[in-house]
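**Student:** For reference, this is data19.txt, and it has compact mmCIF, C-alpha atoms.
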# COMPACT_ATOMS: atom_id res chain seq x y z
CA ASN B 181 -8.42 4.15 -13.63
CA ILE B 182 -11.55 5.99 -12.55
CA LYS B 183 -12.39 9.65 -11.89
CA ALA B 184 -13.43 11.06 -8.54
CA ARG B 185 -17.17 11.72 -8.13
CA GLN B 186 -18.05 9.41 -11.04
CA LYS B 187 -19.53 5.93 -10.56
CA PHE B 188 -17.75 3.15 -12.43
CA THR B 189 -18.90 -0.44 -12.85
CA THR B 190 -16.59 -3.34 -13.62
CA SER B 191 -16.44 -7.10 -13.05
CA VAL B 192 -13.93 -9.57 -11.63
CA PRO B 193 -13.74 -13.29 -12.50
CA VAL B 194 -14.99 -15.50 -9.68
CA PRO B 195 -12.19 -17.85 -8.52
CA SER B 196 -12.68 -21.53 -9.26
CA PHE B 197 -14.39 -23.54 -6.50
CA PRO B 198 -15.50 -27.20 -6.36
CA LYS B 199 -18.94 -27.83 -7.81
CA THR B 200 -20.15 -28.82 -4.33
CA VAL B 201 -19.79 -25.21 -3.12
CA LYS B 202 -23.24 -23.66 -2.86
CA ASN B 203 -22.60 -20.21 -1.42
CA ILE B 204 -19.69 -17.78 -1.47
CA LYS B 205 -19.24 -14.70 0.66
CA VAL B 206 -17.50 -11.70 -0.91
CA SER B 207 -15.60 -9.14 1.15
CA THR B 208 -13.08 -6.33 0.69
CA ASP B 209 -11.13 -3.73 2.63
CA VAL B 210 -11.18 -1.26 -0.28
CA PRO B 211 -13.57 1.48 0.92
CA ILE B 212 -14.55 2.72 -2.55
CA MET B 213 -15.92 -0.68 -3.68
CA ASP B 214 -19.58 -1.74 -3.41
CA PHE B 215 -21.24 -5.06 -4.27
CA SER B 216 -23.64 -7.68 -2.96
CA PRO B 217 -21.88 -9.73 -0.22
CA GLU B 218 -22.87 -13.20 -1.47
CA LEU B 219 -23.11 -15.18 -4.70
CA ILE B 220 -23.98 -18.66 -5.93
CA PRO B 221 -20.97 -19.90 -7.97
CA SER B 222 -23.04 -22.13 -10.22
CA THR B 223 -24.95 -19.11 -11.57
CA VAL B 224 -22.21 -16.53 -12.16
CA THR B 225 -18.67 -16.49 -13.49
CA ASN B 226 -17.97 -12.78 -12.92
CA LYS B 227 -18.66 -10.59 -9.92
CA GLU B 228 -20.01 -7.12 -10.72
CA ILE B 229 -18.46 -4.33 -8.66
CA GLU B 230 -19.29 -0.65 -8.40
CA LEU B 231 -16.54 1.87 -7.68
CA TYR B 232 -17.09 5.39 -6.38
CA ALA B 233 -14.49 7.68 -4.83
CA THR B 234 -15.03 11.20 -3.56
CA ARG B 235 -11.36 12.14 -3.89
CA SER B 236 -8.43 11.52 -6.21
CA GLY B 237 -5.59 9.25 -5.11
CA VAL B 238 -4.77 5.54 -4.93
CA SER B 239 -6.89 2.96 -3.09
CA VAL B 240 -5.28 -0.44 -2.43
CA GLY B 241 -6.62 -3.56 -0.74
CA THR B 242 -7.94 -7.07 -1.31
CA LEU B 243 -11.12 -8.66 -2.68
CA THR B 244 -11.83 -12.07 -1.13
CA PHE B 245 -14.23 -14.88 -2.12
CA THR B 246 -14.84 -17.35 0.74
CA ASP B 247 -16.73 -20.65 0.79
CA SER B 248 -19.34 -20.27 3.55
CA ASN B 249 -18.90 -23.89 4.71
CA SER B 250 -15.26 -24.90 4.30
CA ARG B 251 -13.83 -21.37 4.64
CA ALA B 252 -11.66 -22.01 1.59
CA TYR B 253 -11.05 -18.81 -0.28
CA GLY B 254 -9.60 -17.12 -3.33
CA TRP B 255 -8.54 -13.50 -3.41
CA TYR B 256 -7.26 -10.60 -5.52
CA ILE B 257 -5.04 -7.66 -4.76
CA ILE B 258 -6.91 -4.53 -5.89
CA GLU B 259 -5.31 -1.21 -6.79
CA VAL B 260 -7.54 1.61 -8.01
CA ASN B 261 -6.06 4.82 -9.38
CA VAL B 262 -8.56 7.65 -8.89
CA GLU B 263 -7.96 10.66 -11.12
CA GLN B 264 -9.10 14.17 -10.32
CA PRO B 265 -12.61 15.02 -11.55
CA ASP B 266 -13.04 17.29 -14.54
CA PRO B 267 -12.51 20.94 -13.54
CA GLU B 268 -15.57 23.02 -12.73
CA GLU B 269 -14.10 25.81 -14.83
CA THR B 270 -10.84 27.45 -15.91
CA ILE B 271 -10.10 30.85 -14.40
CA TYR B 272 -7.77 33.11 -16.37
CA VAL B 273 -5.38 35.28 -14.37
CA SER B 274 -3.22 38.04 -15.83
CA THR B 275 -0.98 40.44 -13.96
CA VAL B 276 2.49 42.00 -13.95
CA THR B 277 5.47 40.84 -11.93
CA ARG B 278 5.41 42.22 -8.37
CA LYS B 279 1.82 43.44 -8.80
CA PRO B 280 -0.44 41.60 -6.30
CA ILE B 281 -3.80 40.30 -7.52
CA ASP B 282 -6.79 38.59 -5.88
CA ILE B 283 -8.28 35.57 -7.65
CA GLN B 284 -12.03 35.12 -7.07
CA ILE B 285 -13.27 31.51 -7.13
CA PRO B 286 -17.02 30.74 -6.81
CA VAL B 287 -17.78 27.77 -4.55
CA TYR B 288 -21.35 26.44 -4.55
CA ASN B 289 -23.06 24.24 -1.97
CA PRO B 290 -26.20 22.59 -3.42
CA THR B 291 -27.03 20.65 -0.24
CA ASP B 292 -29.49 21.47 2.55
CA HIS B 293 -26.72 21.81 5.14
CA SER B 294 -23.51 23.80 5.52
CA VAL B 295 -20.31 22.23 4.22
CA THR B 296 -16.70 22.95 5.19
CA PHE B 297 -14.29 22.29 2.32
CA GLU B 298 -10.60 21.58 2.74
CA VAL B 299 -8.65 23.74 0.28
CA GLU B 300 -5.49 22.49 -1.40
CA TYR B 301 -3.16 24.06 -3.95
CA LYS B 302 0.51 23.66 -4.86
CA ASP B 303 1.96 26.98 -5.95
CA ASP B 304 4.43 29.01 -3.91
CA GLU B 305 3.00 32.33 -5.13
CA LEU B 306 -0.58 31.60 -3.98
CA ILE B 307 -1.90 32.36 -0.50
CA GLY B 308 -5.37 31.54 0.85
CA GLU B 309 -7.34 30.03 3.69
CA LYS B 310 -6.99 26.26 4.15
CA TYR B 311 -10.71 25.78 4.87
CA VAL B 312 -13.87 27.47 3.64
CA THR B 313 -17.42 26.96 4.95
CA VAL B 314 -20.33 27.37 2.54
CA ASN B 315 -23.89 27.54 3.86
CA SER B 316 -26.78 25.58 2.42
CA LEU B 317 -27.67 26.56 -1.18
CA GLU B 318 -25.10 29.34 -1.03
CA ARG B 319 -22.57 30.43 -3.64
CA LYS B 320 -19.55 31.80 -1.84
CA VAL B 321 -16.54 33.57 -3.33
CA TYR B 322 -13.23 32.18 -2.13
CA THR B 323 -10.35 34.64 -2.47
CA LEU B 324 -6.87 33.44 -3.40
CA HIS B 325 -4.09 36.02 -3.09
CA MET B 326 -1.23 36.04 -5.57
CA ASN B 327 1.95 38.12 -5.39
CA PRO B 328 4.09 37.05 -8.38
CA LEU B 329 7.81 37.69 -8.13
CA ARG B 330 8.82 36.59 -11.63
CA ALA B 331 7.35 36.50 -15.11
CA SER B 332 5.81 33.16 -16.12
CA GLN B 333 2.98 31.48 -17.97
CA ARG B 334 1.62 28.33 -16.38
CA THR B 335 -1.45 26.30 -15.50
CA THR B 336 -2.07 25.15 -11.95
CA SER B 337 -5.15 24.12 -9.99
CA ILE B 338 -6.93 24.48 -6.67
CA SER B 339 -9.15 21.81 -5.11
CA PHE B 340 -11.99 21.96 -2.59
CA TYR B 341 -12.63 18.68 -0.76
CA HIS B 342 -15.26 17.33 1.60
CA ASP B 343 -15.49 13.71 2.80
CA ILE B 344 -19.09 13.30 1.63
CA GLU B 345 -19.60 15.94 -1.07
CA GLY B 346 -16.34 15.08 -2.81
CA GLU B 347 -13.56 16.94 -4.64
CA TYR B 348 -14.04 19.99 -6.87
CA ILE B 349 -11.25 21.29 -9.09
CA TYR B 350 -10.68 24.72 -10.63
CA ASN B 351 -7.90 25.24 -13.15
CA LEU B 352 -5.94 28.48 -12.98
CA ASP B 353 -4.41 29.71 -16.25
CA ILE B 354 -1.82 32.20 -15.04
CA ASN B 355 0.04 34.72 -17.17
CA VAL B 356 2.51 36.97 -15.36
CA LEU B 357 4.06 39.63 -17.58
CA PRO B 358 7.58 41.04 -17.07
CA PRO B 359 7.77 44.24 -15.02
CA GLU B 360 8.20 47.62 -16.65
CA ASN B 361 11.72 48.97 -16.75
CA ASN B 362 12.49 51.59 -14.11
CA ILE B 363 14.54 54.46 -15.50
CA ILE B 364 16.81 56.28 -13.07
CA ALA B 365 18.05 59.83 -13.48
CA PRO B 366 21.09 60.26 -15.77
CA LEU B 367 24.46 60.01 -14.08
CA SER B 368 27.43 62.07 -15.18
CA ALA B 369 30.92 62.59 -13.81
CA VAL B 370 34.22 63.90 -15.05
CA VAL B 371 37.16 61.57 -15.39
CA GLY B 372 38.52 60.54 -12.03
CA GLU B 373 35.37 61.35 -10.06
CA GLU B 374 32.32 59.29 -9.04
CA ALA B 375 28.58 59.77 -9.33
CA SER B 376 25.89 57.93 -7.39
CA THR B 377 22.14 57.60 -7.10
CA ILE B 378 19.60 55.79 -4.92
CA VAL B 379 17.56 52.81 -6.13
CA TYR B 380 14.52 51.83 -4.03
CA ILE B 381 13.63 48.12 -3.85
CA ASP B 382 10.33 46.92 -2.39
CA ASN B 383 9.99 43.61 -0.60
CA PRO B 384 6.32 42.52 -0.62
CA LEU B 385 7.00 39.37 1.41
CA ASP B 386 6.72 38.95 5.18
CA THR B 387 10.27 37.60 5.36
CA ASN B 388 13.75 38.92 4.64
CA VAL B 389 15.10 38.40 1.13
CA ILE B 390 18.51 38.69 -0.52
CA PHE B 391 18.70 40.27 -3.97
CA LYS B 392 21.45 39.60 -6.49
CA VAL B 393 22.63 42.81 -8.16
CA GLU B 394 23.88 42.81 -11.75
CA ASN B 395 24.99 45.75 -13.89
Kindly transcribe the structure held in the file into structure tokens.

**Tutor:**
Amino acid sequence: NIKARQKFTTSVPVPSFPKTVKNIKVSTDVPIMDFSPELIPSTVTNKEIELYATRSGVSVGTLTFTDSNSRAYGWYIIEVNVEQPDPEETIYVSTVTRKPIDIQIPVYNPTDHSVTFEVEYKDDELIGEKYVTVNSLERKVYTLHMNPLRASQRTTSISFYHDIEGEYIYNLDINVLPPENNIIAPLSAVVGEEASTIVYIDNPLDTNVIFKVEN
């Protein structure tokens, strides 16, 4: 396993070839691998490989060693698990159920050109733009909207990704407190009669919802 945006060096045993083989070509279809394309088998027993991935995920392919003359070859199946990079920071969020809050996330672009990041998060109560463009040497605040519907305490994350600049992670430590109790006016009625009142319910969503009533 390796982490995104961190270089990792490893080595792979060179397959056995006849002593008459003078030159071997090395190739792969794994895009995150880098190495010199040739080797002399009589001088090395292991092939050094450098791994670097800009994004988390799984990269699968083959690594092939081919005799330049006979075209005989040996090969490996390669699977690299790329973990998310360490978070840039942890942002603490505290609010009350049904009380909307905006989460401010600083995104910095240290390059000499503008960069458009793809934004990804997995939380049903979060809403934000799917892309954000940050100008050269600019620190931009990305706003994530949250409208919690139930009390909870959890940790989630949001990632900003660019093909060249890589993946940046921010952890969100979220604490949503239970709502305050709403007290209605006292009801009274004599035996055999009824009393009623009105209870107002807000729906902060842009879709219809069905509430379950318990008493």

**Student:** Excluding same-chain residues fewer than 4 positions from segment 322-337 of chain B, what lies within 10 Å of it counting all atoms listed in the file, as a ChimeraX atom specification?

**Tutor:** /B:267,270-287,299-309,311-314,349-359,383-385

**Student:** Mind giving me the straight-line distance from atom CA of Leu317 of chain B to atom CA of Pro265 of chain B in Å, one decimal?

**Tutor:** 21.6 Å

**Student:** Enter the distance from atom CA of Thr189 of chain B to atom CA of Glu228 of chain B, in Å, rounded to one decimal.

**Tutor:**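 Between atom CA of Thr189 of chain B and atom CA of Glu228 of chain B the gap is 7.1 Å.
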
**Student:** Taking all atoms listed in the file into account, which of B:Asp209, B:Asp247, B:Ala365, B:Ile220 comes nearest Glu259 of chain B?

**Tutor:** B:Asp209

**Student:** So, with all atoms listed in the file as the atoms that count, which of B:Ser368, B:Ser239, B:Thr244, B:Ser216 lies closest to Pro195 of chain B?

**Tutor:**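 Counting all atoms listed in the file, the residue closest to Pro195 of chain B is B:Thr244.
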
**Student:** Give me, please, the distance in Å between atom CA of Gly346 of chain B and atom CA of Val321 of chain B, quoted to one decimal.

**Tutor:**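 These atoms are spaced 18.5 Å apart.
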
**Student:** Up to 7 Å from (-10.1, 4.2, -2.6) in the file's coordinates: name the residues, counting only C-alpha atoms, as a list in words.

**Tutor:** Val210, Pro211, Ile212, Ala233, Val238, Ser239, Val240 and Val260 of chain B

**Student:** Would you please work out which residue, of B:Ser196, B:Tyr348, B:Ile258, B:Glu263, is nearest to Phe245 of chain B when using only C-alpha atoms?

**Tutor:**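 For Phe245 of chain B, the nearest of the given residues is B:Ser196.
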
**Student:** Output as a PDB file, in the coordinates of the input: segment 280-297 of chain B, completed with N, CA, C and O atoms.

**Tutor:**
ATOM      1  N   PRO B 280       0.464  42.558  -6.927  1.00  0.00           N
ATOM      2  CA  PRO B 280      -0.440  41.600  -6.300  1.00  0.00           C
ATOM      3  C   PRO B 280      -1.815  41.597  -6.968  1.00  0.00           C
ATOM      4  O   PRO B 280      -2.281  42.621  -7.494  1.00  0.00           O
ATOM      5  N   ILE B 281      -2.469  40.431  -6.938  1.00  0.00           N
ATOM      6  CA  ILE B 281      -3.800  40.300  -7.520  1.00  0.00           C
ATOM      7  C   ILE B 281      -4.597  39.292  -6.694  1.00  0.00           C
ATOM      8  O   ILE B 281      -4.033  38.326  -6.162  1.00  0.00           O
ATOM      9  N   ASP B 282      -5.895  39.523  -6.561  1.00  0.00           N
ATOM     10  CA  ASP B 282      -6.790  38.590  -5.880  1.00  0.00           C
ATOM     11  C   ASP B 282      -7.554  37.787  -6.919  1.00  0.00           C
ATOM     12  O   ASP B 282      -8.131  38.352  -7.851  1.00  0.00           O
ATOM     13  N   ILE B 283      -7.574  36.474  -6.748  1.00  0.00           N
ATOM     14  CA  ILE B 283      -8.280  35.570  -7.650  1.00  0.00           C
ATOM     15  C   ILE B 283      -9.581  35.150  -6.988  1.00  0.00           C
ATOM     16  O   ILE B 283      -9.575  34.598  -5.883  1.00  0.00           O
ATOM     17  N   GLN B 284     -10.707  35.420  -7.629  1.00  0.00           N
ATOM     18  CA  GLN B 284     -12.030  35.120  -7.070  1.00  0.00           C
ATOM     19  C   GLN B 284     -12.531  33.785  -7.621  1.00  0.00           C
ATOM     20  O   GLN B 284     -12.638  33.618  -8.837  1.00  0.00           O
ATOM     21  N   ILE B 285     -12.836  32.855  -6.729  1.00  0.00           N
ATOM     22  CA  ILE B 285     -13.270  31.510  -7.130  1.00  0.00           C
ATOM     23  C   ILE B 285     -14.649  31.243  -6.527  1.00  0.00           C
ATOM     24  O   ILE B 285     -14.802  31.239  -5.300  1.00  0.00           O
ATOM     25  N   PRO B 286     -15.684  31.012  -7.345  1.00  0.00           N
ATOM     26  CA  PRO B 286     -17.020  30.740  -6.810  1.00  0.00           C
ATOM     27  C   PRO B 286     -17.152  29.292  -6.342  1.00  0.00           C
ATOM     28  O   PRO B 286     -16.831  28.360  -7.091  1.00  0.00           O
ATOM     29  N   VAL B 287     -17.585  29.112  -5.115  1.00  0.00           N
ATOM     30  CA  VAL B 287     -17.780  27.770  -4.550  1.00  0.00           C
ATOM     31  C   VAL B 287     -19.250  27.621  -4.182  1.00  0.00           C
ATOM     32  O   VAL B 287     -19.770  28.408  -3.385  1.00  0.00           O
ATOM     33  N   TYR B 288     -19.910  26.612  -4.745  1.00  0.00           N
ATOM     34  CA  TYR B 288     -21.350  26.440  -4.550  1.00  0.00           C
ATOM     35  C   TYR B 288     -21.644  25.210  -3.698  1.00  0.00           C
ATOM     36  O   TYR B 288     -21.009  24.163  -3.847  1.00  0.00           O
ATOM     37  N   ASN B 289     -22.609  25.351  -2.799  1.00  0.00           N
ATOM     38  CA  ASN B 289     -23.060  24.240  -1.970  1.00  0.00           C
ATOM     39  C   ASN B 289     -24.527  23.952  -2.270  1.00  0.00           C
ATOM     40  O   ASN B 289     -25.408  24.679  -1.821  1.00  0.00           O
ATOM     41  N   PRO B 290     -24.821  22.879  -3.033  1.00  0.00           N
ATOM     42  CA  PRO B 290     -26.200  22.590  -3.420  1.00  0.00           C
ATOM     43  C   PRO B 290     -26.995  21.809  -2.374  1.00  0.00           C
ATOM     44  O   PRO B 290     -28.159  21.491  -2.590  1.00  0.00           O
ATOM     45  N   THR B 291     -26.366  21.483  -1.232  1.00  0.00           N
ATOM     46  CA  THR B 291     -27.030  20.650  -0.240  1.00  0.00           C
ATOM     47  C   THR B 291     -27.908  21.487   0.704  1.00  0.00           C
ATOM     48  O   THR B 291     -27.896  22.718   0.659  1.00  0.00           O
ATOM     49  N   ASP B 292     -28.621  20.788   1.581  1.00  0.00           N
ATOM     50  CA  ASP B 292     -29.490  21.470   2.550  1.00  0.00           C
ATOM     51  C   ASP B 292     -28.802  21.669   3.894  1.00  0.00           C
ATOM     52  O   ASP B 292     -29.451  21.872   4.920  1.00  0.00           O
ATOM     53  N   HIS B 293     -27.478  21.587   3.907  1.00  0.00           N
ATOM     54  CA  HIS B 293     -26.720  21.810   5.140  1.00  0.00           C
ATOM     55  C   HIS B 293     -25.396  22.484   4.778  1.00  0.00           C
ATOM     56  O   HIS B 293     -24.944  22.440   3.632  1.00  0.00           O
ATOM     57  N   SER B 294     -24.785  23.128   5.772  1.00  0.00           N
ATOM     58  CA  SER B 294     -23.510  23.800   5.520  1.00  0.00           C
ATOM     59  C   SER B 294     -22.395  22.773   5.341  1.00  0.00           C
ATOM     60  O   SER B 294     -22.431  21.683   5.917  1.00  0.00           O
ATOM     61  N   VAL B 295     -21.424  23.141   4.531  1.00  0.00           N
ATOM     62  CA  VAL B 295     -20.310  22.230   4.220  1.00  0.00           C
ATOM     63  C   VAL B 295     -19.004  22.999   4.380  1.00  0.00           C
ATOM     64  O   VAL B 295     -18.876  24.129   3.910  1.00  0.00           O
ATOM     65  N   THR B 296     -18.035  22.375   5.057  1.00  0.00           N
ATOM     66  CA  THR B 296     -16.700  22.950   5.190  1.00  0.00           C
ATOM     67  C   THR B 296     -15.750  22.188   4.274  1.00  0.00           C
ATOM     68  O   THR B 296     -15.529  20.993   4.455  1.00  0.00           O
ATOM     69  N   PHE B 297     -15.206  22.887   3.281  1.00  0.00           N
ATOM     70  CA  PHE B 297     -14.290  22.290   2.320  1.00  0.00           C
ATOM     71  C   PHE B 297     -12.848  22.487   2.774  1.00  0.00           C
ATOM     72  O   PHE B 297     -12.481  23.550   3.264  1.00  0.00           O
TER      73      PHE B 297
END
